[in-house]
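> Sending over upload05.cif (mmCIF, C-alpha atoms).
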data_protein
loop_
_atom_site.label_atom_id
_atom_site.label_comp_id
_atom_site.auth_asym_id
_atom_site.auth_seq_id
_atom_site.Cartn_x
_atom_site.Cartn_y
_atom_site.Cartn_z
CA MET A 19 59.30 49.50 24.90
CA SER A 20 63.06 49.62 25.23
CA GLY A 21 65.37 49.43 22.23
CA THR A 22 67.77 47.07 23.98
CA SER A 23 67.76 43.40 23.17
CA THR A 24 66.95 40.81 25.81
CA GLN A 25 68.68 38.09 23.84
CA PRO A 26 71.88 36.83 25.46
CA THR A 27 75.05 37.33 23.50
CA LEU A 28 76.45 34.32 21.66
CA GLN A 29 79.36 34.41 24.09
CA ALA A 30 77.05 34.35 27.14
CA ALA A 31 74.82 31.59 25.77
CA LEU A 32 77.81 29.46 24.80
CA SER A 33 79.44 30.03 28.17
CA GLN A 34 76.31 28.84 30.02
CA GLU A 35 75.90 25.77 27.82
CA LEU A 36 79.56 24.91 28.10
CA LYS A 37 79.50 25.26 31.88
CA ARG A 38 76.68 22.71 32.14
CA GLU A 39 78.22 20.26 29.65
CA LEU A 40 81.60 20.43 31.37
CA GLN A 41 80.00 19.68 34.76
CA LEU A 42 78.26 16.63 33.29
CA THR A 43 81.47 15.46 31.61
CA ARG A 44 83.49 15.80 34.80
CA ARG A 45 81.00 13.54 36.61
CA LEU A 46 81.83 10.75 34.15
CA LEU A 47 85.58 11.35 34.22
CA GLU A 48 85.56 11.12 38.03
CA ARG A 49 84.41 7.52 37.71
CA VAL A 50 87.20 6.35 35.40
CA PRO A 51 89.32 3.91 37.44
CA THR A 52 93.06 4.33 37.00
CA GLU A 53 93.56 0.56 37.20
CA GLN A 54 91.38 0.18 34.07
CA PHE A 55 93.21 2.76 31.88
CA GLY A 56 94.46 0.00 29.56
CA TRP A 57 91.02 -1.58 29.10
CA GLN A 58 89.24 -1.35 25.76
CA PRO A 59 85.93 -2.90 24.75
CA HIS A 60 87.18 -3.90 21.30
CA PRO A 61 90.57 -3.94 19.55
CA LYS A 62 89.43 -1.06 17.30
CA SER A 63 88.26 1.03 20.29
CA MET A 64 90.33 3.54 22.23
CA LYS A 65 91.66 2.42 25.57
CA LEU A 66 89.78 3.86 28.54
CA GLY A 67 92.71 6.04 29.64
CA THR A 68 93.20 7.34 26.10
CA LEU A 69 89.52 8.25 25.83
CA ALA A 70 89.53 10.05 29.19
CA SER A 71 92.71 11.92 28.27
CA HIS A 72 91.28 12.91 24.89
CA MET A 73 88.17 14.30 26.58
CA ALA A 74 90.27 16.29 29.04
CA ASN A 75 92.30 17.79 26.18
CA LEU A 76 89.68 18.50 23.53
CA VAL A 77 88.02 21.27 25.50
CA GLY A 78 91.22 23.23 24.83
CA PHE A 79 90.44 23.52 21.11
CA LEU A 80 88.14 26.49 21.63
CA GLN A 81 90.76 28.37 23.61
CA MET A 82 93.31 27.48 20.91
CA SER A 83 91.01 28.89 18.22
CA LEU A 84 90.61 32.13 20.17
CA GLN A 85 94.37 32.75 20.33
CA GLY A 86 94.69 33.85 16.72
CA PRO A 87 93.38 33.38 13.19
CA GLU A 88 95.17 30.07 12.72
CA THR A 89 96.99 27.33 14.55
CA ASP A 90 99.75 25.19 13.10
CA MET A 91 99.59 21.80 14.78
CA LEU A 92 103.25 21.17 13.87
CA THR A 93 104.29 23.94 16.24
CA ARG A 94 102.10 22.80 19.15
CA GLN A 95 103.46 20.24 21.54
CA ALA A 96 100.86 17.76 22.73
CA PRO A 97 100.87 17.35 26.51
CA PRO A 98 101.91 13.95 27.83
CA SER A 99 99.04 11.55 28.41
CA PRO A 100 97.77 11.45 31.99
CA THR A 101 98.67 8.26 33.82
CA ASP A 102 95.88 8.30 36.39
CA THR A 103 92.38 9.63 36.99
CA ASP A 104 93.52 12.48 39.23
CA GLU A 105 95.79 13.75 36.47
CA VAL A 106 92.94 13.52 33.92
CA LEU A 107 90.72 15.56 36.26
CA ARG A 108 93.43 18.15 36.90
CA ARG A 109 93.99 18.61 33.15
CA PHE A 110 90.25 18.76 32.51
CA ASP A 111 89.79 21.36 35.27
CA VAL A 112 92.65 23.53 33.99
CA ASN A 113 91.32 23.37 30.42
CA ALA A 114 87.77 24.12 31.63
CA GLU A 115 88.95 27.15 33.60
CA ASN A 116 91.04 28.35 30.64
CA ILE A 117 88.13 28.02 28.24
CA HIS A 118 85.81 29.99 30.53
CA GLN A 119 88.42 32.75 30.83
CA ALA A 120 88.96 32.78 27.07
CA LEU A 121 85.20 33.09 26.52
CA ALA A 122 84.96 35.97 28.97
CA ASP A 123 87.55 37.90 26.96
CA VAL A 124 85.86 37.80 23.53
CA ASP A 125 82.82 39.35 21.88
CA ASP A 126 80.30 37.84 19.49
CA ALA A 127 82.07 39.19 16.40
CA THR A 128 85.01 36.95 17.26
CA PHE A 129 82.79 33.87 16.93
CA HIS A 130 81.92 34.78 13.36
CA GLU A 131 85.58 35.05 12.31
CA ILE A 132 87.23 32.12 10.52
CA TRP A 133 89.85 30.07 12.31
CA THR A 134 92.21 27.77 10.39
CA MET A 135 93.89 24.64 11.67
CA ARG A 136 97.01 23.71 9.74
CA ARG A 137 99.68 21.07 9.74
CA GLY A 138 102.49 23.00 8.11
CA GLU A 139 101.27 24.00 4.65
CA GLN A 140 98.31 21.61 4.77
CA THR A 141 94.98 23.18 5.80
CA LEU A 142 93.15 20.68 8.01
CA MET A 143 90.04 22.80 8.55
CA GLN A 144 88.66 26.29 8.31
CA LEU A 145 85.63 27.12 10.43
CA PRO A 146 83.98 30.10 12.03
CA ARG A 147 84.85 30.00 15.73
CA ALA A 148 81.16 29.43 16.54
CA ALA A 149 81.42 26.16 14.59
CA VAL A 150 84.65 25.31 16.41
CA ALA A 151 82.78 25.75 19.70
CA ARG A 152 79.79 23.71 18.57
CA THR A 153 81.36 20.98 16.42
CA LEU A 154 84.95 20.55 17.50
CA VAL A 155 84.31 21.09 21.21
CA LEU A 156 80.71 20.63 22.39
CA ASN A 157 79.40 18.01 19.96
CA HIS A 158 82.73 16.18 20.01
CA LEU A 159 82.78 16.16 23.82
CA ILE A 160 79.17 14.96 24.03
CA HIS A 161 79.94 12.18 21.54
CA HIS A 162 82.85 10.93 23.63
CA ARG A 163 80.86 11.33 26.83
CA GLY A 164 78.33 8.86 25.40
CA GLN A 165 81.17 6.55 24.47
CA LEU A 166 82.63 6.81 27.97
CA SER A 167 79.27 6.05 29.57
CA VAL A 168 79.14 2.79 27.59
CA TYR A 169 82.68 1.92 28.69
CA LEU A 170 81.68 2.50 32.32
CA ARG A 171 78.56 0.36 31.91
CA LEU A 172 80.60 -2.49 30.39
CA LEU A 173 82.97 -2.28 33.37
CA ASP A 174 79.98 -2.38 35.74
CA ILE A 175 80.80 1.10 37.08
CA PRO A 176 77.69 3.12 38.01
CA VAL A 177 76.87 5.58 35.23
CA PRO A 178 75.87 9.04 36.47
CA ALA A 179 72.70 10.74 35.31
CA ILE A 180 73.38 13.05 32.40
CA TYR A 181 70.22 14.49 30.77
CA GLY A 182 67.87 12.52 32.98
CA SER A 183 68.07 9.48 35.18
CA SER A 184 70.47 6.66 34.52
CA ALA A 185 69.90 3.07 35.58
CA ASP A 186 72.18 3.89 38.51
CA GLU A 187 71.00 7.27 39.81
CA GLY A 188 68.37 9.96 39.58
CA PRO A 189 68.47 13.11 37.47
CA ALA A 190 71.68 15.18 37.43
CA LYS A 191 71.56 18.21 39.66
#
If you convert what's in this file into structure tokens, what do you get?


Amino acid sequence: MSGTSTQPTLQAALSQELKRELQLTRRLLERVPTEQFGWQPHPKSMKLGTLASHMANLVGFLQMSLQGPETDMLTRQAPPSPTDTDEVLRRFDVNAENIHQALADVDDATFHEIWTMRRGEQTLMQLPRAAVARTLVLNHLIHHRGQLSVYLRLLDIPVPAIYGSSADEGPAK
């Protein structure tokens, strides 16, 4: 019996999971109609364009956390909000590519290190980077993907299959 482990590294496992989740998310974002960007299901809900833009941007949080031990949000300029679906998809694709590259450049020890998000002197959060990946990126993205699928349904736009069939199509491939 060999002394080497057959378990994938945390980095490899996360990279595979992220790849799949990003593919599923992109399928929903592709269906967001530009002409409906201002639509919202309720006055307390985000507008459709805001939600799509948020989803395209939030995948960048993992890359941000990998750039150093802390990030001061006061020194980071938020990108302008996309004004159409093509721009949302371009931003999402760039952020997805950047996150995959960032993951390829780190080892598992990096995921156990603490990352701090600040706003000036105020600490907003301190998390191990593994928790940033899981909570701030993956879980957060999946949450908003569910929200977006409801928006699409309410607009009578076919909802793609995600983890199985949808009422509109068979299982995701």

> Please determine, counting all atoms listed in the file, which residue among A:Leu145, A:Leu42, A:Leu47, A:Val106 has the shortest atom-to-atom distance to Trp133 of chain A.

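Distance minimum relative to Trp133 of chain A lands on A:Leu145.
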
> Would you translate the PyMOL selection byres ((chain A and resi 76) around 10) into the concrete set of residues it matches in this file, as a ChimeraX atom specification?

/A:71-75,77-81,110,113,154-156,158-159

> When the PyMOL selection byres ((chain A and resi 104) around 10) is applied to the structure above, which residues does it catch, written out as a VMD selection string?

chain A and resid 47 to 48 50 to 52 100 to 103 105 to 110

> Report, in Å to a single decimal, how far apart atom CA of Glu39 of chain A and atom CA of Ala114 of chain A are.

10.5 Å

> Mind working out the centre and edge lengths of an axis-aligned box for segment 113-122 of chain A, all listed atoms inside, 8 Å added to each side, rounded to one decimal in Å and written as AutoDock Vina command-line options?


--center_x 88.1 --center_y 29.7 --center_z 30.1 --size_x 22.4 --size_y 28.6 --size_z 23.1

> Expressed in Å to a single decimal, how great is the separation between atom CA of Leu84 of chain A and atom CA of Ile117 of chain A?

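Straight-line distance from atom CA of Leu84 of chain A to atom CA of Ile117 of chain A works out to 9.4 Å.
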